[in-house]
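Shown below: entry_17.csv, with CSV, C-alpha atoms.
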chain,number,residue,atom,x,y,z
A,5,MET,CA,38.5,4.4,-11.2
A,6,THR,CA,39.5,5.0,-7.6
A,7,THR,CA,37.9,3.0,-4.8
A,8,ARG,CA,36.3,6.1,-3.5
A,9,ALA,CA,34.6,6.9,-6.8
A,10,PHE,CA,33.4,3.3,-7.1
A,11,GLN,CA,31.9,3.4,-3.6
A,12,GLU,CA,30.1,6.7,-4.4
A,13,LEU,CA,28.7,5.2,-7.6
A,14,GLN,CA,27.6,2.1,-5.8
A,15,SER,CA,25.7,4.1,-3.2
A,16,LEU,CA,24.2,6.3,-5.9
A,17,LYS,CA,23.0,3.2,-7.7
A,18,GLN,CA,21.5,1.9,-4.4
A,19,ILE,CA,19.6,5.1,-3.7
A,20,VAL,CA,18.3,5.7,-7.3
A,21,ILE,CA,17.8,2.2,-8.7
A,22,LYS,CA,17.4,-0.2,-5.8
A,23,ASP,CA,15.8,1.5,-2.9
A,24,ALA,CA,12.3,2.9,-2.9
A,25,TRP,CA,12.2,6.7,-3.4
A,26,PRO,CA,10.7,8.9,-0.7
A,27,TYR,CA,7.0,9.7,-1.2
A,28,SER,CA,7.9,13.4,-1.5
A,29,VAL,CA,10.2,12.7,-4.5
A,30,GLY,CA,7.4,10.6,-6.1
A,31,ALA,CA,4.9,13.3,-5.6
A,32,VAL,CA,7.1,15.9,-7.3
A,33,MET,CA,7.8,13.5,-10.1
A,34,LEU,CA,4.1,12.9,-10.6
A,35,GLY,CA,3.5,16.6,-10.7
A,36,LEU,CA,6.2,17.2,-13.3
A,37,LEU,CA,4.9,14.3,-15.3
A,38,ASN,CA,1.4,15.7,-15.3
A,39,ILE,CA,2.6,19.0,-16.6
A,40,VAL,CA,4.5,17.3,-19.4
A,41,ILE,CA,1.5,15.1,-20.3
A,42,PHE,CA,-0.8,18.2,-20.2
A,43,ILE,CA,1.5,20.1,-22.6
A,44,TYR,CA,2.1,17.1,-24.9
A,45,PHE,CA,-1.4,15.5,-25.0
A,46,ALA,CA,-3.4,18.8,-24.4
A,47,SER,CA,-5.4,16.9,-21.8
A,48,PRO,CA,-4.7,15.8,-18.2
A,49,TRP,CA,-3.3,12.4,-17.5
A,50,GLY,CA,-5.8,9.5,-17.4
A,51,VAL,CA,-5.4,5.8,-17.3
A,52,THR,CA,-8.7,3.8,-17.3
A,53,THR,CA,-10.6,5.5,-20.2
A,54,ALA,CA,-8.1,3.7,-22.4
A,55,PHE,CA,-9.5,0.3,-21.1
A,56,VAL,CA,-12.9,1.2,-22.5
A,57,PHE,CA,-11.2,1.4,-25.9
A,58,TRP,CA,-9.2,-1.8,-25.4
A,59,GLY,CA,-12.4,-3.6,-24.6
A,60,ALA,CA,-14.2,-2.0,-27.6
A,61,TRP,CA,-11.4,-3.0,-30.0
A,62,ILE,CA,-11.3,-6.5,-28.7
A,63,TYR,CA,-15.1,-6.7,-29.0
A,64,GLN,CA,-14.7,-5.5,-32.7
A,65,LEU,CA,-12.2,-8.3,-33.4
A,66,PHE,CA,-14.9,-10.8,-32.4
A,67,GLY,CA,-17.5,-9.1,-34.7
A,68,GLY,CA,-19.1,-6.8,-32.0
A,69,HIS,CA,-20.3,-3.3,-32.8
A,70,PRO,CA,-19.3,-1.0,-29.9
A,71,GLU,CA,-19.5,1.9,-32.3
A,72,THR,CA,-23.3,1.8,-31.7
A,73,TRP,CA,-22.8,2.4,-27.9
A,74,SER,CA,-24.0,5.7,-26.6
A,75,PHE,CA,-20.6,6.2,-25.0
A,76,PHE,CA,-19.2,6.6,-28.5
A,77,THR,CA,-22.2,8.0,-30.5
A,78,LEU,CA,-22.8,10.8,-27.9
A,79,GLN,CA,-19.1,11.7,-27.7
A,80,PRO,CA,-17.7,12.5,-31.2
A,81,ALA,CA,-14.1,12.8,-30.0
A,82,MET,CA,-14.4,9.3,-28.5
A,83,MET,CA,-15.8,7.9,-31.7
A,84,GLU,CA,-12.9,9.4,-33.6
A,85,SER,CA,-10.4,7.8,-31.3
A,86,LEU,CA,-12.3,4.4,-31.6
A,87,LYS,CA,-11.9,4.6,-35.4
A,88,ALA,CA,-8.3,5.8,-35.4
A,89,GLY,CA,-7.0,2.8,-33.5
A,90,ILE,CA,-4.6,2.1,-30.7
A,91,LEU,CA,-1.4,3.3,-32.4
A,92,VAL,CA,-2.5,6.9,-32.3
A,93,HIS,CA,-4.4,6.7,-29.0
A,94,SER,CA,-2.2,8.7,-26.6
A,95,GLU,CA,-3.8,7.4,-23.4
A,96,SER,CA,-3.2,3.8,-24.5
A,97,ILE,CA,0.4,4.5,-25.4
A,98,ALA,CA,0.9,6.1,-22.0
A,99,ASP,CA,-0.6,3.0,-20.3
A,100,ILE,CA,1.7,0.7,-22.2
A,101,GLY,CA,4.6,2.9,-21.3
A,102,LEU,CA,3.6,2.8,-17.7
A,103,VAL,CA,3.7,-1.0,-17.7
A,104,VAL,CA,6.9,-1.2,-19.6
A,105,GLY,CA,8.5,1.5,-17.4
A,106,ALA,CA,7.4,-0.4,-14.2
A,107,PHE,CA,8.9,-3.6,-15.6
A,108,LEU,CA,12.2,-1.8,-16.5
A,109,ALA,CA,12.4,-0.2,-13.0
A,110,ALA,CA,11.8,-3.6,-11.3
A,111,ALA,CA,14.3,-5.3,-13.6
A,112,ALA,CA,17.0,-2.6,-13.1
A,113,ALA,CA,16.6,-3.0,-9.4
A,114,ALA,CA,16.9,-6.8,-9.8
A,115,GLN,CA,13.5,-7.2,-8.1
A,116,PHE,CA,11.4,-8.6,-11.0
A,117,ARG,CA,9.8,-11.9,-10.3
A,118,ILE,CA,6.6,-13.8,-11.2
A,119,LYS,CA,4.7,-14.0,-7.9
A,120,LYS,CA,2.9,-17.1,-6.9
A,121,ILE,CA,-0.8,-17.0,-6.1
A,122,LYS,CA,-1.3,-17.3,-2.4
A,123,SER,CA,-4.8,-18.5,-2.1
A,124,ALA,CA,-8.2,-18.7,-3.9
A,125,ARG,CA,-9.3,-15.8,-1.7
A,126,GLN,CA,-6.6,-13.7,-3.2
A,127,VAL,CA,-7.8,-14.5,-6.7
A,128,VAL,CA,-11.5,-13.8,-5.8
A,129,GLY,CA,-10.4,-10.5,-4.1
A,130,ALA,CA,-8.3,-9.3,-7.0
A,131,LEU,CA,-10.9,-10.1,-9.7
A,132,SER,CA,-13.9,-8.7,-7.8
A,133,GLY,CA,-11.9,-5.7,-6.7
A,134,GLY,CA,-10.7,-5.1,-10.3
A,135,LEU,CA,-14.3,-5.3,-11.6
A,136,LEU,CA,-15.6,-2.9,-8.9
A,137,MET,CA,-12.8,-0.4,-9.5
A,138,GLY,CA,-13.3,-0.6,-13.3
A,139,TYR,CA,-17.1,-0.1,-12.9
A,140,GLY,CA,-16.5,2.7,-10.4
A,141,ALA,CA,-14.0,4.4,-12.6
A,142,ARG,CA,-16.5,4.6,-15.4
A,143,LEU,CA,-19.3,6.0,-13.2
A,144,ALA,CA,-16.9,8.6,-11.8
A,145,LEU,CA,-15.6,9.4,-15.4
A,146,GLY,CA,-12.1,8.4,-14.4
A,147,CYS,CA,-9.9,6.6,-11.9
A,148,ASN,CA,-7.7,7.9,-9.1
A,149,ILE,CA,-5.5,9.3,-11.8
A,150,GLY,CA,-8.0,10.7,-14.4
A,151,ALA,CA,-10.6,11.9,-11.9
A,152,TYR,CA,-8.8,12.4,-8.6
A,153,PHE,CA,-5.2,13.4,-9.4
A,154,SER,CA,-5.8,15.2,-12.6
A,155,GLY,CA,-9.1,16.6,-11.4
A,156,ILE,CA,-7.7,18.3,-8.3
A,157,ALA,CA,-4.6,19.5,-10.2
A,158,SER,CA,-7.0,21.1,-12.7
A,159,MET,CA,-9.1,22.7,-10.0
A,160,ALA,CA,-12.1,20.6,-11.0
A,161,ALA,CA,-14.8,20.0,-8.4
A,162,ASN,CA,-15.2,16.3,-9.4
A,163,GLY,CA,-11.6,15.6,-8.1
A,164,TRP,CA,-12.6,16.7,-4.6
A,165,VAL,CA,-15.9,14.7,-4.7
A,166,PHE,CA,-13.8,11.7,-5.8
A,167,GLY,CA,-11.4,12.3,-2.9
A,168,ILE,CA,-14.1,12.4,-0.3
A,169,CYS,CA,-15.9,9.3,-1.7
A,170,ILE,CA,-12.6,7.3,-2.0
A,171,PHE,CA,-12.0,8.0,1.7
A,172,PHE,CA,-15.2,6.1,2.6
A,173,GLY,CA,-14.5,3.5,0.0
A,174,ALA,CA,-11.0,2.8,1.2
A,175,TYR,CA,-12.3,2.7,4.8
A,176,ILE,CA,-14.8,0.0,4.0
A,177,GLY,CA,-12.3,-1.7,1.7
A,178,SER,CA,-9.7,-2.0,4.4
A,179,LYS,CA,-12.3,-3.5,6.8
A,180,ILE,CA,-13.2,-6.1,4.2
A,181,LEU,CA,-9.5,-6.8,3.6
A,182,VAL,CA,-8.7,-7.4,7.3
A,183,LYS,CA,-11.8,-9.6,7.7
A,184,TYR,CA,-11.3,-11.8,4.6
A,185,LEU,CA,-7.7,-11.7,3.5
A,186,MET,CA,-5.7,-11.9,6.7
Y,19,MET,CA,14.5,-15.9,22.8
Y,20,ALA,CA,12.0,-17.5,20.5
Y,21,GLU,CA,12.0,-17.1,16.7
Y,22,ILE,CA,8.7,-16.7,15.0
Y,23,SER,CA,8.5,-16.9,11.2
Y,24,ILE,CA,5.7,-15.5,9.0
Y,25,ASP,CA,5.5,-16.5,5.3
Y,26,ALA,CA,4.1,-13.5,3.4
Y,27,LEU,CA,5.4,-14.5,-0.1
Y,28,GLY,CA,2.9,-13.4,-2.7
Y,29,GLU,CA,1.0,-11.2,-0.3
Y,30,ALA,CA,0.5,-7.5,-1.3
Y,31,CYS,CA,0.6,-4.5,1.0
Y,32,PRO,CA,-0.6,-3.9,3.6
Y,33,ILE,CA,-1.2,-7.6,4.4
Y,34,PRO,CA,2.4,-8.4,5.5
Y,35,LEU,CA,2.4,-5.6,8.0
Y,36,LEU,CA,-1.1,-6.5,9.3
Y,37,LYS,CA,0.1,-10.1,9.8
Y,38,ILE,CA,3.0,-8.9,11.9
Y,39,GLN,CA,0.7,-6.6,14.0
Y,40,LYS,CA,-1.7,-9.5,14.6
Y,41,LYS,CA,1.1,-11.8,15.8
Y,42,TRP,CA,3.0,-9.1,17.7
Y,43,PRO,CA,1.2,-9.4,21.1
Y,44,ASP,CA,2.3,-13.1,21.3
Y,45,LEU,CA,6.0,-12.1,21.3
Y,46,LYS,CA,8.0,-11.6,24.5
Y,47,THR,CA,10.8,-9.1,24.9
Y,48,GLY,CA,13.9,-10.5,23.1
Y,49,ASP,CA,11.9,-12.6,20.7
Y,50,VAL,CA,12.7,-12.2,17.0
Y,51,LEU,CA,10.1,-12.2,14.3
Y,52,ILE,CA,11.2,-13.1,10.8
Y,53,ILE,CA,8.9,-12.2,7.9
Y,54,ASN,CA,9.6,-13.4,4.3
Y,55,ILE,CA,8.2,-11.0,1.7
Y,56,ASP,CA,8.4,-10.3,-2.0
Y,57,HIS,CA,6.5,-7.0,-2.2
Y,58,SER,CA,8.9,-4.1,-2.2
Y,59,CYS,CA,6.4,-1.8,-0.5
Y,60,ALA,CA,6.4,-4.0,2.6
Y,61,LEU,CA,10.2,-3.4,2.6
Y,62,LYS,CA,9.3,0.2,3.3
Y,63,ASN,CA,6.3,0.1,5.6
Y,64,ILE,CA,7.4,-2.8,7.9
Y,65,PRO,CA,10.8,-1.4,9.0
Y,66,GLU,CA,9.2,2.1,9.2
Y,67,TRP,CA,6.5,0.7,11.6
Y,68,ALA,CA,9.0,-1.4,13.7
Y,69,ARG,CA,11.5,1.5,14.1
Y,70,LYS,CA,8.8,3.9,15.1
Y,71,GLU,CA,7.8,1.4,17.8
Y,72,GLY,CA,11.4,1.3,18.9
Y,73,HIS,CA,12.4,-2.2,17.9
Y,74,ASN,CA,15.6,-3.5,16.2
Y,75,VAL,CA,15.2,-4.2,12.5
Y,76,GLU,CA,17.4,-5.9,10.0
Y,77,VAL,CA,16.7,-6.6,6.3
Y,78,GLU,CA,18.3,-9.3,4.2
Y,79,GLU,CA,17.8,-9.8,0.5
Y,80,VAL,CA,17.7,-13.6,0.3
Y,81,GLU,CA,17.2,-13.7,-3.5
Y,82,GLU,CA,16.2,-11.2,-6.3
Y,83,GLY,CA,13.1,-9.4,-5.1
Y,84,VAL,CA,12.7,-11.6,-1.9
Y,85,TRP,CA,13.6,-10.3,1.5
Y,86,ASP,CA,13.7,-11.5,5.1
Y,87,ILE,CA,13.0,-8.8,7.7
Y,88,TYR,CA,14.1,-9.5,11.2
Y,89,ILE,CA,12.4,-7.6,14.0
Y,90,GLU,CA,13.6,-8.0,17.6
Y,91,LYS,CA,11.0,-7.0,20.2
Y,92,THR,CA,12.9,-4.7,22.6
Y,93,ALA,CA,10.1,-3.9,25.0
Let me see whether you can do it: turn the structure in this file into C-alpha coordinates.
Amino acid sequence: MTTRAFQELQSLKQIVIKDAWPYSVGAVMLGLLNIVIFIYFASPWGVTTAFVFWGAWIYQLFGGHPETWSFFTLQPAMMESLKAGILVHSESIADIGLVVGAFLAAAAAAQFRIKKIKSARQVVGALSGGLLMGYGARLALGCNIGAYFSGIASMAANGWVFGICIFFGAYIGSKILVKYLM
Amino acid sequence: MAEISIDALGEACPIPLLKIQKKWPDLKTGDVLIINIDHSCALKNIPEWARKEGHNVEVEEVEEGVWDIYIEKTA
(Lines of atoms letter the chains of each structure in order from A and count residues from 1; the text may use other names and numbers.)
(Lines give C-alpha, C1' and ligand atoms only; values in the text may rest on other atoms or scores of the structure.)
Protein backbone atom coordinates (compact mmCIF):
# COMPACT_ATOMS: atom_id res chain seq x y z
CA MET A 1 0.00 0.00 0.00
CA THR A 2 1.30 3.43 -0.84
CA THR A 3 1.84 5.95 1.93
CA ARG A 4 -0.84 8.14 0.43
CA ALA A 5 -3.46 5.37 0.46
CA PHE A 6 -2.53 4.49 4.02
CA GLN A 7 -3.00 8.10 5.14
CA GLU A 8 -6.37 8.25 3.38
CA LEU A 9 -7.46 5.07 5.16
CA GLN A 10 -6.27 6.44 8.51
CA SER A 11 -8.26 9.63 8.07
CA LEU A 12 -11.34 7.66 6.96
CA LYS A 13 -11.03 5.52 10.08
CA GLN A 14 -10.70 8.66 12.21
CA ILE A 15 -13.87 10.22 10.75
CA VAL A 16 -16.08 7.11 10.66
CA ILE A 17 -14.96 5.15 13.73
CA LYS A 18 -13.25 7.52 16.19
CA ASP A 19 -14.83 10.95 15.88
CA ALA A 20 -18.43 11.72 16.75
CA TRP A 21 -20.65 11.94 13.68
CA PRO A 22 -22.34 15.26 12.95
CA TYR A 23 -25.89 15.52 14.34
CA SER A 24 -27.29 15.79 10.80
CA VAL A 25 -25.78 12.41 9.84
CA GLY A 26 -27.20 10.89 13.02
CA ALA A 27 -30.64 12.31 12.22
CA VAL A 28 -30.63 10.84 8.71
CA MET A 29 -29.44 7.46 10.03
CA LEU A 30 -32.22 7.42 12.64
CA GLY A 31 -34.78 8.24 9.94
CA LEU A 32 -33.55 5.40 7.72
CA LEU A 33 -33.43 3.04 10.69
CA ASN A 34 -37.02 3.88 11.59
CA ILE A 35 -38.13 3.07 8.02
CA VAL A 36 -36.32 -0.28 8.14
CA ILE A 37 -37.82 -1.12 11.54
CA PHE A 38 -41.29 -0.08 10.38
CA ILE A 39 -41.06 -2.36 7.34
CA TYR A 40 -39.50 -5.26 9.25
CA PHE A 41 -41.52 -5.17 12.51
CA ALA A 42 -44.70 -3.65 11.01
CA SER A 43 -44.72 -1.15 13.91
CA PRO A 44 -42.71 1.99 14.66
CA TRP A 45 -39.55 1.82 16.73
CA GLY A 46 -39.99 1.69 20.51
CA VAL A 47 -37.63 1.02 23.40
CA THR A 48 -39.23 1.16 26.84
CA THR A 49 -42.32 -1.02 26.36
CA ALA A 50 -39.88 -3.94 26.26
CA PHE A 51 -38.85 -3.11 29.85
CA VAL A 52 -42.43 -3.83 30.97
CA PHE A 53 -42.00 -7.32 29.58
CA TRP A 54 -38.54 -7.76 31.09
CA GLY A 55 -39.97 -6.81 34.48
CA ALA A 56 -42.92 -9.14 33.98
CA TRP A 57 -40.73 -12.09 32.94
CA ILE A 58 -38.42 -11.59 35.91
CA TYR A 59 -41.46 -11.35 38.19
CA GLN A 60 -42.71 -14.67 36.74
CA LEU A 61 -39.35 -16.29 37.55
CA PHE A 62 -39.97 -15.43 41.18
CA GLY A 63 -43.47 -16.90 41.07
CA GLY A 64 -45.38 -13.67 40.37
CA HIS A 65 -48.43 -13.49 38.12
CA PRO A 66 -48.12 -10.42 35.87
CA GLU A 67 -50.51 -12.10 33.41
CA THR A 68 -53.33 -10.97 35.71
CA TRP A 69 -52.38 -7.29 35.30
CA SER A 70 -54.83 -5.19 33.29
CA PHE A 71 -51.94 -4.07 31.06
CA PHE A 72 -51.91 -7.61 29.67
CA THR A 73 -55.54 -8.74 30.17
CA LEU A 74 -56.90 -5.66 28.41
CA GLN A 75 -54.39 -5.84 25.53
CA PRO A 76 -54.53 -9.28 23.84
CA ALA A 77 -51.46 -8.54 21.66
CA MET A 78 -49.41 -7.74 24.78
CA MET A 79 -50.63 -10.94 26.46
CA GLU A 80 -49.56 -12.93 23.41
CA SER A 81 -46.06 -11.40 23.53
CA LEU A 82 -45.84 -12.08 27.27
CA LYS A 83 -46.56 -15.77 26.66
CA ALA A 84 -44.29 -16.04 23.60
CA GLY A 85 -41.14 -15.02 25.51
CA ILE A 86 -38.14 -12.82 24.91
CA LEU A 87 -36.63 -14.75 21.98
CA VAL A 88 -39.49 -13.75 19.66
CA HIS A 89 -40.07 -10.28 21.15
CA SER A 90 -38.82 -7.94 18.45
CA GLU A 91 -38.61 -4.84 20.66
CA SER A 92 -36.51 -6.70 23.24
CA ILE A 93 -34.20 -7.99 20.51
CA ALA A 94 -33.85 -4.45 19.15
CA ASP A 95 -33.01 -3.16 22.65
CA ILE A 96 -30.35 -5.82 23.15
CA GLY A 97 -29.00 -4.95 19.69
CA LEU A 98 -28.86 -1.29 20.72
CA VAL A 99 -26.70 -2.06 23.75
CA VAL A 100 -24.46 -4.49 21.86
CA GLY A 101 -24.13 -2.00 18.99
CA ALA A 102 -23.22 0.85 21.34
CA PHE A 103 -20.62 -1.38 22.97
CA LEU A 104 -19.12 -2.37 19.60
CA ALA A 105 -19.02 1.27 18.48
CA ALA A 106 -17.24 2.35 21.67
CA ALA A 107 -14.86 -0.63 21.49
CA ALA A 108 -14.05 0.00 17.82
CA ALA A 109 -13.24 3.63 18.65
CA ALA A 110 -11.06 2.36 21.53
CA GLN A 111 -13.17 4.45 23.91
CA PHE A 112 -14.80 1.76 26.00
CA ARG A 113 -14.19 2.02 29.72
CA ILE A 114 -15.93 1.25 32.98
CA LYS A 115 -16.53 4.67 34.48
CA LYS A 116 -16.08 5.33 38.13
CA ILE A 117 -18.94 6.63 40.21
CA LYS A 118 -18.27 10.24 41.07
CA SER A 119 -20.46 10.82 44.08
CA ALA A 120 -23.47 9.58 46.04
CA ARG A 121 -25.43 12.44 44.50
CA GLN A 122 -24.76 11.03 41.06
CA VAL A 123 -26.15 7.64 42.14
CA VAL A 124 -29.26 9.19 43.69
CA GLY A 125 -29.75 11.37 40.61
CA ALA A 126 -29.34 8.47 38.18
CA LEU A 127 -31.65 6.11 40.08
CA SER A 128 -34.41 8.63 40.79
CA GLY A 129 -34.14 10.00 37.25
CA GLY A 130 -34.39 6.50 35.82
CA LEU A 131 -37.45 5.68 37.92
CA LEU A 132 -39.18 8.94 36.96
CA MET A 133 -38.41 8.44 33.28
CA GLY A 134 -39.64 4.83 33.38
CA TYR A 135 -42.84 5.86 35.14
CA GLY A 136 -43.34 8.78 32.75
CA ALA A 137 -42.74 6.57 29.72
CA ARG A 138 -45.54 4.26 30.87
CA LEU A 139 -47.97 7.16 31.45
CA ALA A 140 -47.10 8.61 28.03
CA LEU A 141 -47.37 5.17 26.34
CA GLY A 142 -43.77 5.39 25.23
CA CYS A 143 -40.45 7.12 25.74
CA ASN A 144 -38.68 9.72 23.62
CA ILE A 145 -38.34 7.06 20.94
CA GLY A 146 -41.70 5.23 21.01
CA ALA A 147 -43.89 8.24 21.78
CA TYR A 148 -41.90 11.25 20.55
CA PHE A 149 -39.68 10.17 17.65
CA SER A 150 -41.96 7.46 16.25
CA GLY A 151 -45.08 9.46 17.12
CA ILE A 152 -44.10 12.54 15.15
CA ALA A 153 -42.75 10.44 12.28
CA SER A 154 -46.15 8.71 12.12
CA MET A 155 -48.06 12.04 12.21
CA ALA A 156 -49.56 11.03 15.56
CA ALA A 157 -50.76 13.90 17.78
CA ASN A 158 -49.38 12.26 20.93
CA GLY A 159 -45.83 12.77 19.60
CA TRP A 160 -46.35 16.54 19.55
CA VAL A 161 -47.95 16.53 23.01
CA PHE A 162 -44.91 14.57 24.24
CA GLY A 163 -42.60 17.11 22.57
CA ILE A 164 -44.26 20.09 24.25
CA CYS A 165 -44.28 18.39 27.67
CA ILE A 166 -40.66 17.24 27.40
CA PHE A 167 -39.66 20.87 26.76
CA PHE A 168 -40.99 21.88 30.17
CA GLY A 169 -39.68 18.71 31.79
CA ALA A 170 -36.18 19.25 30.39
CA TYR A 171 -36.26 22.89 31.55
CA ILE A 172 -37.09 21.89 35.12
CA GLY A 173 -34.65 18.97 34.93
CA SER A 174 -31.77 21.20 33.85
CA LYS A 175 -32.48 23.62 36.73
CA ILE A 176 -32.36 20.71 39.19
CA LEU A 177 -29.17 19.40 37.57
CA VAL A 178 -27.39 22.75 37.90
CA LYS A 179 -28.54 23.13 41.51
CA TYR A 180 -27.71 19.65 42.83
CA LEU A 181 -25.13 18.02 40.57
CA MET A 182 -22.67 20.81 39.87
CA MET B 1 -0.38 32.59 32.84
CA ALA B 2 -2.03 30.39 35.41
CA GLU B 3 -3.16 26.83 34.75
CA ILE B 4 -6.45 25.72 36.22
CA SER B 5 -7.46 22.05 36.20
CA ILE B 6 -10.92 20.55 36.46
CA ASP B 7 -11.42 16.85 37.12
CA ALA B 8 -14.59 15.79 35.33
CA LEU B 9 -13.89 12.05 35.09
CA GLY B 10 -17.11 10.11 35.47
CA GLU B 11 -19.25 13.19 34.87
CA ALA B 12 -21.86 12.97 32.12
CA CYS B 13 -22.87 15.76 29.79
CA PRO B 14 -23.61 18.58 30.21
CA ILE B 15 -21.87 18.77 33.60
CA PRO B 16 -18.26 19.09 32.30
CA LEU B 17 -19.20 22.10 30.16
CA LEU B 18 -21.23 23.67 32.98
CA LYS B 19 -18.23 23.28 35.30
CA ILE B 20 -16.05 25.16 32.82
CA GLN B 21 -18.61 27.92 32.41
CA LYS B 22 -18.83 28.30 36.19
CA LYS B 23 -15.04 28.58 36.53
CA TRP B 24 -14.55 30.73 33.44
CA PRO B 25 -15.03 34.21 35.00
CA ASP B 26 -12.09 33.49 37.40
CA LEU B 27 -9.67 33.13 34.46
CA LYS B 28 -7.58 36.02 33.16
CA THR B 29 -6.48 36.50 29.56
CA GLY B 30 -3.70 34.04 28.77
CA ASP B 31 -4.71 31.57 31.46
CA VAL B 32 -5.19 27.96 30.46
CA LEU B 33 -7.95 25.71 31.71
CA ILE B 34 -7.43 21.95 31.52
CA ILE B 35 -10.40 19.66 31.90
CA ASN B 36 -10.04 15.90 32.22
CA ILE B 37 -13.07 14.08 30.75
CA ASP B 38 -14.20 10.57 29.85
CA HIS B 39 -17.57 11.31 28.24
CA SER B 40 -17.18 11.54 24.47
CA CYS B 41 -20.08 13.99 24.15
CA ALA B 42 -18.07 16.54 26.19
CA LEU B 43 -15.38 16.10 23.55
CA LYS B 44 -17.85 17.64 21.12
CA ASN B 45 -19.64 20.33 23.10
CA ILE B 46 -16.67 21.77 25.04
CA PRO B 47 -14.45 22.57 21.98
CA GLU B 48 -17.58 23.76 20.15
CA TRP B 49 -18.41 26.22 22.94
CA ALA B 50 -14.79 27.39 23.37
CA ARG B 51 -14.21 27.96 19.64
CA LYS B 52 -17.51 29.83 19.33
CA GLU B 53 -16.32 32.10 22.15
CA GLY B 54 -13.08 32.61 20.20
CA HIS B 55 -10.63 30.78 22.51
CA ASN B 56 -7.79 28.43 21.54
CA VAL B 57 -8.58 24.77 22.05
CA GLU B 58 -6.42 21.68 22.02
CA VAL B 59 -7.48 18.10 22.70
CA GLU B 60 -5.23 15.30 23.83
CA GLU B 61 -6.29 11.68 24.24
CA VAL B 62 -4.40 10.71 27.40
CA GLU B 63 -5.61 7.10 27.46
CA GLU B 64 -8.37 5.06 25.82
CA GLY B 65 -11.57 7.04 26.22
CA VAL B 66 -9.99 9.74 28.41
CA TRP B 67 -9.15 13.20 27.17
CA ASP B 68 -7.56 16.42 28.37
CA ILE B 69 -9.01 19.53 26.77
CA TYR B 70 -6.85 22.65 26.95
CA ILE B 71 -8.60 25.98 26.56
CA GLU B 72 -6.61 29.21 26.48
CA LYS B 73 -8.56 32.34 27.36
CA THR B 74 -7.80 34.80 24.59
CA ALA B 75 -9.92 37.73 25.71
Using only C-alpha atoms, find which residues of chain Y lie within 8 Å of chain A and jot them down as a ChimeraX atom specification. /Y:27-29,33,36-37,56,58-59,62,82-84
Residues at most 12 Å from Met82 in chain A, counting all atoms listed in the file, excluding those fewer than 3 positions away in the same chain, as a list in words? Thr53, Ala54, Val56, Phe57, Ala60, Pro70, Glu71, Trp73, Ser74, Phe75, Phe76, Thr77, Leu78, Gln79, Ser85, Leu86, Lys87, Ala88, Gly89, His93 and Glu95 of chain A
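The protein and nucleic acid residues lying at most 10 Å from Gly72 in chain Y are Glu66, Trp67, Ala68, Glu90, Lys91, Thr92 and Ala93 of chain Y, with only C-alpha atoms considered and sequence neighbours fewer than 4 positions away removed.
Between CA of Leu36 in chain A and CA of Ala144 in chain A the separation is 24.7 Å.
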Within 12 Å of Asn54 in chain Y, counting all atoms listed in the file, which residues qualify if same-chain residues fewer than 5 places away don't, as a list in words?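 In the requested format, the answer is Ile22, Ser23, Ile24, Asp25, Ala26, Leu27, Gly28, Glu29, Pro34, Leu35, Lys37, Ile38, Ala60, Leu61, Ile64, Val77, Glu78, Glu79, Val80, Glu81, Gly83, Val84, Trp85, Asp86, Ile87, Tyr88 and Ile89 of chain Y.
For the pair CA of Ile39 in chain A and CA of Gly105 in chain A, the separation is 18.5 Å.
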